[in-house]
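Student: First, the structure itself, so that you have it in front of you.
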Amino acid sequence: MVRIRKIPLDLTLTEFPALVSSWWDEVNESTHWQDGIFYTLCAAYALVSSIALIQLIRIELRVPEYGWTTQKVFHLMNVIVNGVRAVVFGFHKQVFLLHPKVLIFVLLDLPSLLFFSTYTLLALFWAEIYHQARSLPTDKLRISYAAINGVIYVIQVCIWLYLWIDDNSVVEFIGNAFIAAVSFIAALGFLLYGGRLFFMLKRFPIESKGRRKKLNEVGSVTAICFTCFLIRCSVVVLSAFDSDASLDVLDHPVLNLIYYMLVEILPSALVLYILRKLPPKRISAQYHPIR
């Protein structure tokens with residue numbers, strides 16, 4: 001049984017912080033709460049992964065002749081990212097006790113990098129639309145996307161290898177700082193190209209077909225992705241300086257629940273809902289996958 005301390009009716013204002021701190025410690029140290037929270041995260045990630053998979057199948061059945069479009073790749077990567085998270089949290093007891101400790105970092109940080117690649121794919125798509133509308137060259141955008149992601153993964157692998165050889169707090173700090181920097185870059189990317197595309201669409205004539213809907217779509221996705229990456233950046237920086245805010249340990253389940261809900265689960269669910277529209281069966285012009 002999980003025993004939760006009752007709040008006394010005669011509690012004073014000065015005693016409230018101490019009571020909250022005591023409750024927080026009780027929850028974090030309770031194996032029942034740990035299992036409940038991590039299995040909840042597992043179920044939430046599995047649900048989002050299933051939704052992305054169903055949508056991917058629907059898109060493939062709708063337009064199989066277009067091959068692997070940006071829209072299909074985006075949904076496939078969502079399936080992978082959320083599926084890996086579901087497995088990790090489903091086996092949290094084993095994951096958080098792995099040795100060497102670098103294995104824990106790999107299982108927790110690799111999905112974060114995949115999440116970065118997944119959602120910056122949207123920024124790439126918007127950048128291509130913006131450049132095409134401005135009659136600017138687009139041939140280097142995909143190369144830049146691949147190069148940036150490649151460099152990020154190489155640096156992260158080097159950090160993991162160093163931690164495997166010599167696990168120390170300095171390298172762990174560098175690893176956290178790197179994830180924070182990557183998240184900040186993603187937030188800036190969405191602000192830059194999402195903002196540019198939004199204001200470009202806003203200048204279109206009012207009678208333009210789908211203008212208002214596209215404005216809402218771009219504005220909403222930009223706000224969601226910018227916010228989630230900025231929150232991730234802030235929390236990771238905080239955890240680098242304060243061990244009580246660490247997300248790589250088993251006994252911080254409440255913090256993990258709040259963090260992953262805000263930076264991955266809710267943003268993924270919202271973006272998948274906003275981009276739920278299927279592409280048209282027949283089109284005569286160039287196909288734009290994400291609508």
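Labels for the structure tokens follow display order: chains A, B, ..., residues from 1 in each chain, ligands from 1.
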Residues of region 100-188 of chain A that have any atom at most 8 Å from an atom of region 228-242 of chain A: could you tabulate them with the shortest-distance atom pair and the distance in Å to one decimal, using only C-alpha atoms, ordered by chain and increasing number, as CSV?
Tutor:
residue,atom,partner,partner_atom,distance
A:Glu172,CA,A:Ala240,CA,7.9
A:Phe173,CA,A:Ala240,CA,5.5
A:Asn176,CA,A:Ala240,CA,5.9
A:Ala177,CA,A:Val237,CA,6.4
A:Ile179,CA,A:Val236,CA,7.3
A:Ala180,CA,A:Cys233,CA,4.3
A:Ala181,CA,A:Cys233,CA,7.0
A:Ser183,CA,A:Phe229,CA,5.1
A:Phe184,CA,A:Cys233,CA,5.9
A:Ala186,CA,A:Phe229,CA,6.6
A:Ala187,CA,A:Phe229,CA,5.4
Student: So that I can see what lies close to His75 (chain A), please list as a PyMOL selection string the residues with an atom at most 10 Å from it, counting only C-alpha atoms and leaving out residues fewer than 6 positions away in the same chain.
Tutor: chain A and resi 49+51-57+59+81+118+272
Student: Please report, as a compact mmCIF listing (two decimals) with N, CA and C atoms, in the first residue's frame, each residue of region 153-291 of chain A to which DSSP assigns helix (DSSP H, G or I) when run on this structure's backbone.
Tutor:
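Just written: states-v1.txt:
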# COMPACT_ATOMS: atom_id res chain seq x y z
N TYR A 153 24.95 13.98 -34.15
CA TYR A 153 25.03 12.58 -33.74
C TYR A 153 26.48 12.15 -33.51
N VAL A 154 27.39 12.63 -34.33
CA VAL A 154 28.81 12.29 -34.16
C VAL A 154 29.33 12.83 -32.83
N ILE A 155 29.01 14.08 -32.53
CA ILE A 155 29.45 14.68 -31.26
C ILE A 155 28.87 13.92 -30.08
N GLN A 156 27.58 13.57 -30.17
CA GLN A 156 26.95 12.85 -29.07
C GLN A 156 27.57 11.47 -28.87
N VAL A 157 27.86 10.77 -29.95
CA VAL A 157 28.52 9.46 -29.84
C VAL A 157 29.90 9.60 -29.20
N CYS A 158 30.63 10.65 -29.55
CA CYS A 158 31.95 10.89 -28.94
C CYS A 158 31.80 11.11 -27.43
N ILE A 159 30.77 11.85 -27.01
CA ILE A 159 30.53 12.07 -25.58
C ILE A 159 30.22 10.75 -24.88
N TRP A 160 29.39 9.91 -25.51
CA TRP A 160 29.07 8.61 -24.92
C TRP A 160 30.32 7.73 -24.80
N LEU A 161 31.15 7.73 -25.83
CA LEU A 161 32.37 6.91 -25.80
C LEU A 161 33.31 7.37 -24.69
N TYR A 162 33.42 8.69 -24.52
CA TYR A 162 34.29 9.21 -23.47
C TYR A 162 33.75 8.83 -22.09
N LEU A 163 32.42 8.90 -21.93
CA LEU A 163 31.81 8.51 -20.66
C LEU A 163 32.00 7.02 -20.39
N TRP A 164 32.01 6.23 -21.43
CA TRP A 164 32.23 4.79 -21.27
C TRP A 164 33.65 4.51 -20.77
N ILE A 165 34.60 5.30 -21.32
CA ILE A 165 36.00 5.11 -20.92
C ILE A 165 36.28 5.74 -19.55
N SER A 169 31.89 13.63 -13.75
CA SER A 169 30.85 14.65 -13.70
C SER A 169 31.05 15.75 -14.74
N VAL A 170 32.31 16.03 -15.09
CA VAL A 170 32.59 17.09 -16.06
C VAL A 170 32.03 16.72 -17.44
N VAL A 171 32.27 15.48 -17.86
CA VAL A 171 31.78 15.03 -19.17
C VAL A 171 30.26 14.93 -19.16
N GLU A 172 29.68 14.51 -18.02
CA GLU A 172 28.22 14.48 -17.91
C GLU A 172 27.64 15.89 -18.07
N PHE A 173 28.32 16.87 -17.47
CA PHE A 173 27.89 18.26 -17.60
C PHE A 173 27.97 18.70 -19.06
N ILE A 174 29.06 18.33 -19.74
CA ILE A 174 29.21 18.69 -21.16
C ILE A 174 28.10 18.04 -21.99
N GLY A 175 27.77 16.78 -21.65
CA GLY A 175 26.69 16.09 -22.35
C GLY A 175 25.36 16.80 -22.18
N ASN A 176 25.06 17.23 -20.97
CA ASN A 176 23.82 17.97 -20.72
C ASN A 176 23.82 19.32 -21.45
N ALA A 177 24.97 19.98 -21.42
CA ALA A 177 25.08 21.27 -22.10
C ALA A 177 24.88 21.11 -23.60
N PHE A 178 25.37 20.00 -24.14
CA PHE A 178 25.22 19.74 -25.57
C PHE A 178 23.75 19.53 -25.94
N ILE A 179 23.03 18.71 -25.15
CA ILE A 179 21.60 18.48 -25.40
C ILE A 179 20.83 19.80 -25.29
N ALA A 180 21.20 20.63 -24.32
CA ALA A 180 20.55 21.93 -24.15
C ALA A 180 20.80 22.82 -25.37
N ALA A 181 22.04 22.80 -25.88
CA ALA A 181 22.38 23.61 -27.04
C ALA A 181 21.61 23.14 -28.28
N VAL A 182 21.50 21.83 -28.46
CA VAL A 182 20.76 21.27 -29.59
C VAL A 182 19.29 21.70 -29.51
N SER A 183 18.72 21.64 -28.31
CA SER A 183 17.32 22.03 -28.13
C SER A 183 17.13 23.52 -28.42
N PHE A 184 18.09 24.33 -28.01
CA PHE A 184 18.00 25.77 -28.25
C PHE A 184 18.09 26.07 -29.75
N ILE A 185 18.94 25.33 -30.46
CA ILE A 185 19.05 25.50 -31.92
C ILE A 185 17.73 25.15 -32.59
N ALA A 186 17.11 24.06 -32.12
CA ALA A 186 15.81 23.65 -32.69
C ALA A 186 14.76 24.72 -32.45
N ALA A 187 14.74 25.28 -31.24
CA ALA A 187 13.77 26.33 -30.92
C ALA A 187 13.97 27.54 -31.84
N LEU A 188 15.23 27.92 -32.07
CA LEU A 188 15.52 29.04 -32.96
C LEU A 188 15.11 28.73 -34.40
N GLY A 189 15.32 27.47 -34.82
CA GLY A 189 14.95 27.07 -36.18
C GLY A 189 13.46 27.22 -36.42
N PHE A 190 12.66 26.80 -35.44
CA PHE A 190 11.21 26.93 -35.57
C PHE A 190 10.79 28.39 -35.53
N LEU A 191 11.43 29.16 -34.67
CA LEU A 191 11.09 30.58 -34.59
C LEU A 191 11.44 31.29 -35.89
N LEU A 192 12.57 30.91 -36.49
CA LEU A 192 13.03 31.58 -37.71
C LEU A 192 12.14 31.23 -38.91
N TYR A 193 12.06 29.94 -39.24
CA TYR A 193 11.34 29.56 -40.46
C TYR A 193 9.83 29.49 -40.26
N GLY A 194 9.39 29.08 -39.06
CA GLY A 194 7.96 29.12 -38.79
C GLY A 194 7.45 30.54 -38.80
N GLY A 195 8.22 31.44 -38.19
CA GLY A 195 7.83 32.85 -38.17
C GLY A 195 7.84 33.47 -39.56
N ARG A 196 8.88 33.15 -40.34
CA ARG A 196 8.96 33.69 -41.71
C ARG A 196 7.77 33.22 -42.55
N LEU A 197 7.47 31.92 -42.48
CA LEU A 197 6.37 31.38 -43.28
C LEU A 197 5.04 31.95 -42.81
N PHE A 198 4.89 32.13 -41.50
CA PHE A 198 3.65 32.68 -40.97
C PHE A 198 3.40 34.09 -41.50
N PHE A 199 4.41 34.93 -41.42
CA PHE A 199 4.22 36.32 -41.87
C PHE A 199 4.11 36.42 -43.39
N MET A 200 4.75 35.47 -44.10
CA MET A 200 4.60 35.45 -45.54
C MET A 200 3.15 35.11 -45.93
N LEU A 201 2.59 34.09 -45.25
CA LEU A 201 1.20 33.71 -45.51
C LEU A 201 0.23 34.82 -45.10
N LYS A 202 0.60 35.55 -44.05
CA LYS A 202 -0.27 36.62 -43.56
C LYS A 202 -0.38 37.75 -44.57
N ARG A 211 -5.90 30.07 -46.77
CA ARG A 211 -4.94 30.96 -46.11
C ARG A 211 -5.10 30.94 -44.59
N ARG A 212 -6.33 31.12 -44.12
CA ARG A 212 -6.57 31.17 -42.68
C ARG A 212 -6.22 29.86 -42.00
N LYS A 213 -6.57 28.75 -42.64
CA LYS A 213 -6.27 27.44 -42.05
C LYS A 213 -4.77 27.20 -42.00
N LYS A 214 -4.07 27.54 -43.06
CA LYS A 214 -2.62 27.37 -43.09
C LYS A 214 -1.94 28.28 -42.08
N LEU A 215 -2.45 29.49 -41.92
CA LEU A 215 -1.90 30.40 -40.91
C LEU A 215 -2.01 29.79 -39.52
N ASN A 216 -3.20 29.27 -39.19
CA ASN A 216 -3.41 28.66 -37.88
C ASN A 216 -2.51 27.44 -37.69
N GLU A 217 -2.35 26.65 -38.75
CA GLU A 217 -1.52 25.45 -38.66
C GLU A 217 -0.07 25.80 -38.40
N VAL A 218 0.48 26.70 -39.22
CA VAL A 218 1.89 27.08 -39.07
C VAL A 218 2.12 27.78 -37.73
N GLY A 219 1.22 28.69 -37.36
CA GLY A 219 1.37 29.40 -36.10
C GLY A 219 1.30 28.48 -34.90
N SER A 220 0.36 27.54 -34.91
CA SER A 220 0.20 26.61 -33.78
C SER A 220 1.38 25.67 -33.64
N VAL A 221 1.81 25.08 -34.75
CA VAL A 221 2.94 24.14 -34.70
C VAL A 221 4.22 24.85 -34.31
N THR A 222 4.41 26.06 -34.82
CA THR A 222 5.60 26.84 -34.46
C THR A 222 5.62 27.12 -32.95
N ALA A 223 4.50 27.57 -32.41
CA ALA A 223 4.42 27.87 -30.98
C ALA A 223 4.66 26.62 -30.14
N ILE A 224 4.06 25.50 -30.53
CA ILE A 224 4.20 24.25 -29.77
C ILE A 224 5.65 23.78 -29.77
N CYS A 225 6.25 23.72 -30.95
CA CYS A 225 7.62 23.19 -31.06
C CYS A 225 8.64 24.14 -30.43
N PHE A 226 8.47 25.43 -30.63
CA PHE A 226 9.38 26.40 -30.00
C PHE A 226 9.32 26.27 -28.49
N THR A 227 8.11 26.16 -27.94
CA THR A 227 7.94 26.07 -26.49
C THR A 227 8.53 24.80 -25.93
N CYS A 228 8.26 23.66 -26.58
CA CYS A 228 8.73 22.38 -26.03
C CYS A 228 10.26 22.29 -26.06
N PHE A 229 10.88 22.79 -27.13
CA PHE A 229 12.35 22.75 -27.18
C PHE A 229 12.97 23.75 -26.21
N LEU A 230 12.31 24.88 -25.99
CA LEU A 230 12.82 25.85 -25.03
C LEU A 230 12.71 25.31 -23.61
N ILE A 231 11.60 24.62 -23.30
CA ILE A 231 11.45 24.00 -21.98
C ILE A 231 12.51 22.92 -21.78
N ARG A 232 12.74 22.10 -22.82
CA ARG A 232 13.77 21.06 -22.72
C ARG A 232 15.13 21.68 -22.43
N CYS A 233 15.45 22.74 -23.15
CA CYS A 233 16.73 23.42 -22.96
C CYS A 233 16.87 23.91 -21.52
N SER A 234 15.83 24.54 -21.00
CA SER A 234 15.87 25.10 -19.65
C SER A 234 16.02 24.01 -18.58
N VAL A 235 15.24 22.94 -18.72
CA VAL A 235 15.27 21.86 -17.72
C VAL A 235 16.62 21.14 -17.74
N VAL A 236 17.15 20.88 -18.94
CA VAL A 236 18.44 20.19 -19.05
C VAL A 236 19.55 21.04 -18.45
N VAL A 237 19.51 22.35 -18.68
CA VAL A 237 20.51 23.24 -18.07
C VAL A 237 20.38 23.20 -16.55
N LEU A 238 19.15 23.24 -16.04
CA LEU A 238 18.93 23.17 -14.60
C LEU A 238 19.46 21.86 -14.02
N SER A 239 19.19 20.75 -14.70
CA SER A 239 19.65 19.45 -14.21
C SER A 239 21.17 19.33 -14.23
N ALA A 240 21.82 20.08 -15.11
CA ALA A 240 23.28 20.05 -15.17
C ALA A 240 23.91 20.69 -13.94
N PHE A 241 23.20 21.66 -13.34
CA PHE A 241 23.73 22.36 -12.18
C PHE A 241 23.14 21.86 -10.86
N SER A 243 21.63 18.43 -9.01
CA SER A 243 21.41 16.98 -9.08
C SER A 243 19.98 16.61 -8.66
N ASP A 244 19.34 17.47 -7.86
CA ASP A 244 17.95 17.20 -7.45
C ASP A 244 16.98 17.32 -8.62
N ALA A 245 17.42 17.91 -9.72
CA ALA A 245 16.57 18.05 -10.91
C ALA A 245 16.98 17.07 -12.01
N PRO A 253 10.48 10.29 -10.24
CA PRO A 253 9.39 9.96 -11.17
C PRO A 253 8.47 11.13 -11.49
N VAL A 254 8.15 11.96 -10.50
CA VAL A 254 7.24 13.08 -10.72
C VAL A 254 7.86 14.08 -11.70
N LEU A 255 9.14 14.36 -11.51
CA LEU A 255 9.84 15.28 -12.40
C LEU A 255 9.88 14.72 -13.82
N ASN A 256 10.13 13.41 -13.94
CA ASN A 256 10.13 12.78 -15.25
C ASN A 256 8.76 12.88 -15.91
N LEU A 257 7.71 12.66 -15.14
CA LEU A 257 6.35 12.73 -15.68
C LEU A 257 6.06 14.12 -16.24
N ILE A 258 6.35 15.15 -15.45
CA ILE A 258 6.09 16.53 -15.88
C ILE A 258 6.93 16.88 -17.10
N TYR A 259 8.20 16.52 -17.04
CA TYR A 259 9.14 16.87 -18.11
C TYR A 259 8.75 16.23 -19.43
N TYR A 260 8.59 14.92 -19.45
CA TYR A 260 8.32 14.23 -20.71
C TYR A 260 6.92 14.53 -21.25
N MET A 261 5.97 14.80 -20.36
CA MET A 261 4.66 15.22 -20.82
C MET A 261 4.74 16.56 -21.55
N LEU A 262 5.51 17.49 -21.00
CA LEU A 262 5.58 18.84 -21.56
C LEU A 262 6.44 18.93 -22.82
N VAL A 263 7.54 18.17 -22.88
CA VAL A 263 8.48 18.36 -23.98
C VAL A 263 8.34 17.34 -25.11
N GLU A 264 7.61 16.24 -24.89
CA GLU A 264 7.50 15.25 -25.95
C GLU A 264 6.07 14.73 -26.19
N ILE A 265 5.43 14.23 -25.15
CA ILE A 265 4.14 13.56 -25.34
C ILE A 265 3.05 14.52 -25.81
N LEU A 266 2.81 15.59 -25.05
CA LEU A 266 1.78 16.56 -25.44
C LEU A 266 2.10 17.27 -26.75
N PRO A 267 3.35 17.74 -26.96
CA PRO A 267 3.66 18.35 -28.26
C PRO A 267 3.46 17.40 -29.43
N SER A 268 3.89 16.15 -29.28
CA SER A 268 3.73 15.17 -30.37
C SER A 268 2.26 14.94 -30.67
N ALA A 269 1.46 14.75 -29.61
CA ALA A 269 0.03 14.51 -29.80
C ALA A 269 -0.65 15.70 -30.48
N LEU A 270 -0.30 16.91 -30.05
CA LEU A 270 -0.91 18.11 -30.62
C LEU A 270 -0.52 18.31 -32.08
N VAL A 271 0.77 18.11 -32.38
CA VAL A 271 1.23 18.30 -33.76
C VAL A 271 0.61 17.25 -34.68
N LEU A 272 0.55 16.01 -34.23
CA LEU A 272 -0.07 14.96 -35.03
C LEU A 272 -1.55 15.27 -35.28
N TYR A 273 -2.21 15.84 -34.29
CA TYR A 273 -3.61 16.22 -34.48
C TYR A 273 -3.75 17.37 -35.47
N ILE A 274 -2.90 18.37 -35.35
CA ILE A 274 -2.97 19.53 -36.25
C ILE A 274 -2.67 19.12 -37.69
Student: Between CA of Phe125 (chain A) and CA of Thr70 (chain A), what distance in Å does the model show, to one decimal?
Tutor: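 Distance between the two atoms: 7.5 Å.
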Student: Please identify all polymer residues within 8 Å of region 100-105 of chain A, counting only C-alpha atoms, omitting same-chain residues fewer than 3 positions from it, and present them as a count of residues only.
Tutor: 11
Student: Mind giving me the straight-line distance from CA of Val87 (chain A) to CA of Val48 (chain A) in Å, one decimal?
Tutor: 13.0 Å
